[in-house]
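Written below as structure tokens is the structure these notes are about.
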Amino acid sequence: MKNLPIDDFDIKSFQDDLISWFEREQRKLPWREDRDPYKIWVSEIMLQQTRVDTVIPYFRRFMEKFPTIEALADASEDEVLKAWEGLGYYSRVRNLHAAVKEVEEHYGGTVPDTPEEVSKLKGVGPYTAGAILSIAYGLPEPAVDGNVMRVLARILSIWEDIAKPSARKVFEEVVRKLISRENPSFFNQALMELGALVCTPKSPSCLLCPVREHCRAFREGTIDELPVKSKGKKQKQIRLQAAVLEDEDGRILIHKRPDKGLLANMWEFVQVEESTVLPARQVLKDYLGDVFKIEAALETEHFTEIRHVFTHLIWDIRVYHGKILNQVQETNELKCVPPDEIETFAFPVPHQKIWKAFREQAKSEKVKDIKG
DNA sequence: AATCCGGGGGC
DNA sequence: GCCCCAGGATT
């Protein structure tokens, strides 16, 4: 029996060692400057599946642009998406935007402070609810993320598979038993900070650990076996053909993705999935040919290939260059924009790479012209 | 319970 | 390459 009860565990001593370490060693972070629930909330959404160092510049820019709940509620979705461009998991910010409007309308602009109300907000799950309630309001609610599961799995020698959704509840019950009633905020933050700075996934710094004496895995030599985490399956590969298309005025054709699913509401250059049957480029030409007259430029070879790895799939994109000879009928999803305005739209990273490659290719063409 | 949903950094 | 990251919504 490896999952031991926590009877022989000195909770008070553990809390003291953990919290006093946090008071000494915590990093200075922009969302720790005050206890504004709005800032705590935004930071927690940004930090979902995203490292602190990545989040910091986004957080600063976001707060400059949308300093209050009211400012964010009044912004347009395109503006908000643009501020999130490059951070990934874009439904986070669309949900945040909707939730902030909800708070503005139904809670008079004040983030609610009960588990029931906070949890109802879009994009606020068990972790984020606990984080807001404990950090912003000082309530003893668990905030169990990947760090907390790793740290507690080691300290208490818990052999649950932390990749399984059911594991989170086990750890929430553990936190309810361990959490400091005097300082729930620092207790929760300290567990996460410890996971980020000391009790790391690989080669943890046990010799520097403030709670080493409380750690069963350290005592029993099982640090490298804990936590137990099953592996996910590998990504599906998708071949795409994309085109940077210019109209006769040199404007670029861009397309807005549907409001659900992958990269919802983000802009992109036109692209289609490659057929396994038809020869290269034929699919793209057929697709575009229904709508546009495409000049022979599309007959030339693709000018770049982009590989982009997502969590659950891999895009391999061949990118062509073409010219549109007829008038483009613009819609909400289809626009022609001048090249210098491309960067005002929110593009996913793979299509930012396409634009970068396109400009460099155009530059080298120019050099050739001059030399020729 | 599985699957979907981004992107980057560390090794 | 592989792993993981201050997870949540949908099915």
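In the structure tokens, chains take letters A, B, ... by order of appearance, with residues numbered from 1 within each chain and ligands from 1 in the order shown.
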
* To do: Report as number ranges by chain the set of chain C residues whose atoms approach chain A to within 9 Å, with distances computed over only C-alpha atoms (C1' of nucleotides).
  => C: 4-9

* Identify all residues of region 88-300 of chain A in alpha helix (DSSP H) (DSSP on the backbone) and supply them as a PyMOL selection string. => chain A and resi 91-106+115-120+126-131+146-155+167-178+184-197+216-220+282-289

* Mind listing as a PyMOL selection string which residues of chain A are within 10 Å of chain B, counting only C-alpha atoms (C1' of nucleotides)? -> chain A and resi 49-51+53-54+86-92+164-166+202+261-264+308-312+348-349

* **Selection: 8 Å around Asn188 (chain A), only C-alpha atoms (C1' of nucleotides), excl. self and same-chain fewer than 2 positions, as a list in words** => Ala131, Ser134, Ile135, Pro142, Ala143, Ile179, Pro184, Ser185, Phe186, Ala190, Leu191 and Met192 of chain A

Selection near Leu226 (chain A), 12 Å with only C-alpha atoms (C1' of nucleotides), sequence-local residues under 2 positions removed, as a PDB file with N, CA, C and O atoms, in the first residue's frame:
ATOM      1  N   LYS A   2       0.891   1.922  -1.144  1.00  0.00           N
ATOM      2  CA  LYS A   2       1.803   3.058  -1.243  1.00  0.00           C
ATOM      3  C   LYS A   2       1.151   4.390  -0.907  1.00  0.00           C
ATOM      4  O   LYS A   2       1.832   5.319  -0.493  1.00  0.00           O
ATOM      5  N   MET A 149      -0.123  19.297  -8.007  1.00  0.00           N
ATOM      6  CA  MET A 149      -0.220  17.828  -8.042  1.00  0.00           C
ATOM      7  C   MET A 149       1.166  17.193  -7.969  1.00  0.00           C
ATOM      8  O   MET A 149       1.376  16.208  -7.272  1.00  0.00           O
ATOM      9  N   ARG A 150       2.130  17.758  -8.687  1.00  0.00           N
ATOM     10  CA  ARG A 150       3.481  17.200  -8.658  1.00  0.00           C
ATOM     11  C   ARG A 150       4.098  17.307  -7.260  1.00  0.00           C
ATOM     12  O   ARG A 150       4.618  16.331  -6.724  1.00  0.00           O
ATOM     13  N   VAL A 151       3.973  18.496  -6.670  1.00  0.00           N
ATOM     14  CA  VAL A 151       4.568  18.737  -5.358  1.00  0.00           C
ATOM     15  C   VAL A 151       3.941  17.829  -4.296  1.00  0.00           C
ATOM     16  O   VAL A 151       4.646  17.167  -3.526  1.00  0.00           O
ATOM     17  N   LEU A 152       2.615  17.786  -4.274  1.00  0.00           N
ATOM     18  CA  LEU A 152       1.947  16.994  -3.242  1.00  0.00           C
ATOM     19  C   LEU A 152       2.088  15.493  -3.480  1.00  0.00           C
ATOM     20  O   LEU A 152       2.138  14.708  -2.520  1.00  0.00           O
ATOM     21  N   ALA A 153       2.153  15.089  -4.742  1.00  0.00           N
ATOM     22  CA  ALA A 153       2.376  13.665  -5.030  1.00  0.00           C
ATOM     23  C   ALA A 153       3.692  13.223  -4.399  1.00  0.00           C
ATOM     24  O   ALA A 153       3.800  12.131  -3.836  1.00  0.00           O
ATOM     25  N   ARG A 154       4.691  14.092  -4.465  1.00  0.00           N
ATOM     26  CA  ARG A 154       5.997  13.756  -3.904  1.00  0.00           C
ATOM     27  C   ARG A 154       5.972  13.847  -2.375  1.00  0.00           C
ATOM     28  O   ARG A 154       6.436  12.939  -1.683  1.00  0.00           O
ATOM     29  N   ILE A 155       5.451  14.930  -1.859  1.00  0.00           N
ATOM     30  CA  ILE A 155       5.507  15.139  -0.413  1.00  0.00           C
ATOM     31  C   ILE A 155       4.740  14.059   0.338  1.00  0.00           C
ATOM     32  O   ILE A 155       5.210  13.539   1.354  1.00  0.00           O
ATOM     33  N   LEU A 156       3.568  13.685  -0.190  1.00  0.00           N
ATOM     34  CA  LEU A 156       2.740  12.710   0.519  1.00  0.00           C
ATOM     35  C   LEU A 156       2.811  11.317  -0.101  1.00  0.00           C
ATOM     36  O   LEU A 156       2.065  10.419   0.297  1.00  0.00           O
ATOM     37  N   SER A 157       3.679  11.171  -1.112  1.00  0.00           N
ATOM     38  CA  SER A 157       3.793   9.884  -1.816  1.00  0.00           C
ATOM     39  C   SER A 157       2.436   9.387  -2.291  1.00  0.00           C
ATOM     40  O   SER A 157       1.946   8.335  -1.879  1.00  0.00           O
ATOM     41  N   ILE A 158       1.838  10.188  -3.173  1.00  0.00           N
ATOM     42  CA  ILE A 158       0.532   9.835  -3.746  1.00  0.00           C
ATOM     43  C   ILE A 158       0.756   9.316  -5.163  1.00  0.00           C
ATOM     44  O   ILE A 158       1.290  10.030  -6.007  1.00  0.00           O
ATOM     45  N   TRP A 159       0.335   8.069  -5.407  1.00  0.00           N
ATOM     46  CA  TRP A 159       0.653   7.415  -6.683  1.00  0.00           C
ATOM     47  C   TRP A 159      -0.497   7.436  -7.673  1.00  0.00           C
ATOM     48  O   TRP A 159      -0.610   6.559  -8.525  1.00  0.00           O
ATOM     49  N   GLU A 160      -1.364   8.444  -7.565  1.00  0.00           N
ATOM     50  CA  GLU A 160      -2.410   8.644  -8.566  1.00  0.00           C
ATOM     51  C   GLU A 160      -1.767   9.051  -9.888  1.00  0.00           C
ATOM     52  O   GLU A 160      -0.752   9.747  -9.896  1.00  0.00           O
ATOM     53  N   ASP A 161      -2.400   8.652 -10.999  1.00  0.00           N
ATOM     54  CA  ASP A 161      -1.956   9.108 -12.317  1.00  0.00           C
ATOM     55  C   ASP A 161      -2.472  10.533 -12.524  1.00  0.00           C
ATOM     56  O   ASP A 161      -3.666  10.753 -12.739  1.00  0.00           O
ATOM     57  N   ILE A 162      -1.551  11.505 -12.456  1.00  0.00           N
ATOM     58  CA  ILE A 162      -1.998  12.905 -12.505  1.00  0.00           C
ATOM     59  C   ILE A 162      -2.455  13.331 -13.899  1.00  0.00           C
ATOM     60  O   ILE A 162      -2.970  14.436 -14.077  1.00  0.00           O
ATOM     61  N   CYS A 199      10.726  22.201  -6.884  1.00  0.00           N
ATOM     62  CA  CYS A 199      10.210  20.845  -7.087  1.00  0.00           C
ATOM     63  C   CYS A 199       9.805  20.664  -8.547  1.00  0.00           C
ATOM     64  O   CYS A 199       8.655  20.402  -8.870  1.00  0.00           O
ATOM     65  N   THR A 200      10.795  20.813  -9.431  1.00  0.00           N
ATOM     66  CA  THR A 200      10.545  20.809 -10.870  1.00  0.00           C
ATOM     67  C   THR A 200      10.326  19.391 -11.392  1.00  0.00           C
ATOM     68  O   THR A 200      10.700  18.423 -10.739  1.00  0.00           O
ATOM     69  N   PRO A 201       9.740  19.255 -12.578  1.00  0.00           N
ATOM     70  CA  PRO A 201       9.456  17.920 -13.116  1.00  0.00           C
ATOM     71  C   PRO A 201      10.716  17.062 -13.209  1.00  0.00           C
ATOM     72  O   PRO A 201      10.692  15.903 -12.821  1.00  0.00           O
ATOM     73  N   LYS A 202      11.779  17.636 -13.769  1.00  0.00           N
ATOM     74  CA  LYS A 202      13.030  16.882 -13.880  1.00  0.00           C
ATOM     75  C   LYS A 202      14.100  17.481 -12.976  1.00  0.00           C
ATOM     76  O   LYS A 202      14.192  18.693 -12.848  1.00  0.00           O
ATOM     77  N   SER A 203      14.900  16.635 -12.428  1.00  0.00           N
ATOM     78  CA  SER A 203      15.983  17.004 -11.517  1.00  0.00           C
ATOM     79  C   SER A 203      15.606  18.147 -10.570  1.00  0.00           C
ATOM     80  O   SER A 203      16.135  19.254 -10.662  1.00  0.00           O
ATOM     81  N   PRO A 204      14.679  17.874  -9.661  1.00  0.00           N
ATOM     82  CA  PRO A 204      14.281  18.865  -8.657  1.00  0.00           C
ATOM     83  C   PRO A 204      15.445  19.172  -7.710  1.00  0.00           C
ATOM     84  O   PRO A 204      16.328  18.336  -7.520  1.00  0.00           O
ATOM     85  N   CYS A 215       8.999  15.606   3.193  1.00  0.00           N
ATOM     86  CA  CYS A 215       8.765  14.959   1.893  1.00  0.00           C
ATOM     87  C   CYS A 215       9.001  13.452   1.953  1.00  0.00           C
ATOM     88  O   CYS A 215      10.130  12.988   2.127  1.00  0.00           O
ATOM     89  N   ARG A 216       7.952  12.697   1.759  1.00  0.00           N
ATOM     90  CA  ARG A 216       8.067  11.240   1.798  1.00  0.00           C
ATOM     91  C   ARG A 216       8.863  10.697   0.615  1.00  0.00           C
ATOM     92  O   ARG A 216       9.641   9.764   0.757  1.00  0.00           O
ATOM     93  N   ALA A 217       8.648  11.274  -0.554  1.00  0.00           N
ATOM     94  CA  ALA A 217       9.367  10.768  -1.726  1.00  0.00           C
ATOM     95  C   ALA A 217      10.872  10.969  -1.558  1.00  0.00           C
ATOM     96  O   ALA A 217      11.665  10.112  -1.952  1.00  0.00           O
ATOM     97  N   PHE A 218      11.258  12.097  -0.955  1.00  0.00           N
ATOM     98  CA  PHE A 218      12.680  12.326  -0.712  1.00  0.00           C
ATOM     99  C   PHE A 218      13.210  11.301   0.289  1.00  0.00           C
ATOM    100  O   PHE A 218      14.254  10.682   0.076  1.00  0.00           O
ATOM    101  N   GLU A 220      12.052   8.408   0.916  1.00  0.00           N
ATOM    102  CA  GLU A 220      11.990   7.024   0.428  1.00  0.00           C
ATOM    103  C   GLU A 220      12.738   6.832  -0.896  1.00  0.00           C
ATOM    104  O   GLU A 220      12.738   5.732  -1.453  1.00  0.00           O
ATOM    105  N   GLY A 221      13.324   7.911  -1.411  1.00  0.00           N
ATOM    106  CA  GLY A 221      14.105   7.785  -2.645  1.00  0.00           C
ATOM    107  C   GLY A 221      13.268   7.551  -3.895  1.00  0.00           C
ATOM    108  O   GLY A 221      13.717   6.925  -4.851  1.00  0.00           O
ATOM    109  N   THR A 222      12.043   8.081  -3.912  1.00  0.00           N
ATOM    110  CA  THR A 222      11.167   7.859  -5.073  1.00  0.00           C
ATOM    111  C   THR A 222      10.883   9.151  -5.835  1.00  0.00           C
ATOM    112  O   THR A 222       9.934   9.214  -6.618  1.00  0.00           O
ATOM    113  N   ILE A 223      11.730  10.147  -5.607  1.00  0.00           N
ATOM    114  CA  ILE A 223      11.526  11.442  -6.269  1.00  0.00           C
ATOM    115  C   ILE A 223      11.424  11.300  -7.789  1.00  0.00           C
ATOM    116  O   ILE A 223      10.596  11.926  -8.439  1.00  0.00           O
ATOM    117  N   ASP A 224      12.259  10.451  -8.363  1.00  0.00           N
ATOM    118  CA  ASP A 224      12.259  10.331  -9.820  1.00  0.00           C
ATOM    119  C   ASP A 224      11.101   9.489 -10.348  1.00  0.00           C
ATOM    120  O   ASP A 224      10.888   9.407 -11.555  1.00  0.00           O
ATOM    121  N   VAL A 228       3.325  10.029 -10.859  1.00  0.00           N
ATOM    122  CA  VAL A 228       2.988   9.117 -11.960  1.00  0.00           C
ATOM    123  C   VAL A 228       2.191   9.898 -12.992  1.00  0.00           C
ATOM    124  O   VAL A 228       1.240  10.586 -12.649  1.00  0.00           O
ATOM    125  N   LYS A 229       2.623   9.825 -14.234  1.00  0.00           N
ATOM    126  CA  LYS A 229       1.898  10.538 -15.292  1.00  0.00           C
ATOM    127  C   LYS A 229       1.930   9.742 -16.591  1.00  0.00           C
ATOM    128  O   LYS A 229       2.988   9.558 -17.190  1.00  0.00           O
ATOM    129  N   SER A 230       0.762   9.276 -17.028  1.00  0.00           N
ATOM    130  CA  SER A 230       0.693   8.508 -18.283  1.00  0.00           C
ATOM    131  C   SER A 230       0.892   9.451 -19.470  1.00  0.00           C
ATOM    132  O   SER A 230       0.623  10.641 -19.397  1.00  0.00           O
TER     133      SER A 230
END

* Can you pull out every residue within 10 Å of region 210-212 of chain A, counting only C-alpha atoms (C1' of nucleotides), but drop anything in the same chain fewer than 6 positions away, and send it as a PyMOL selection string? => chain A and resi 13-22+155+194+198-199+218-219
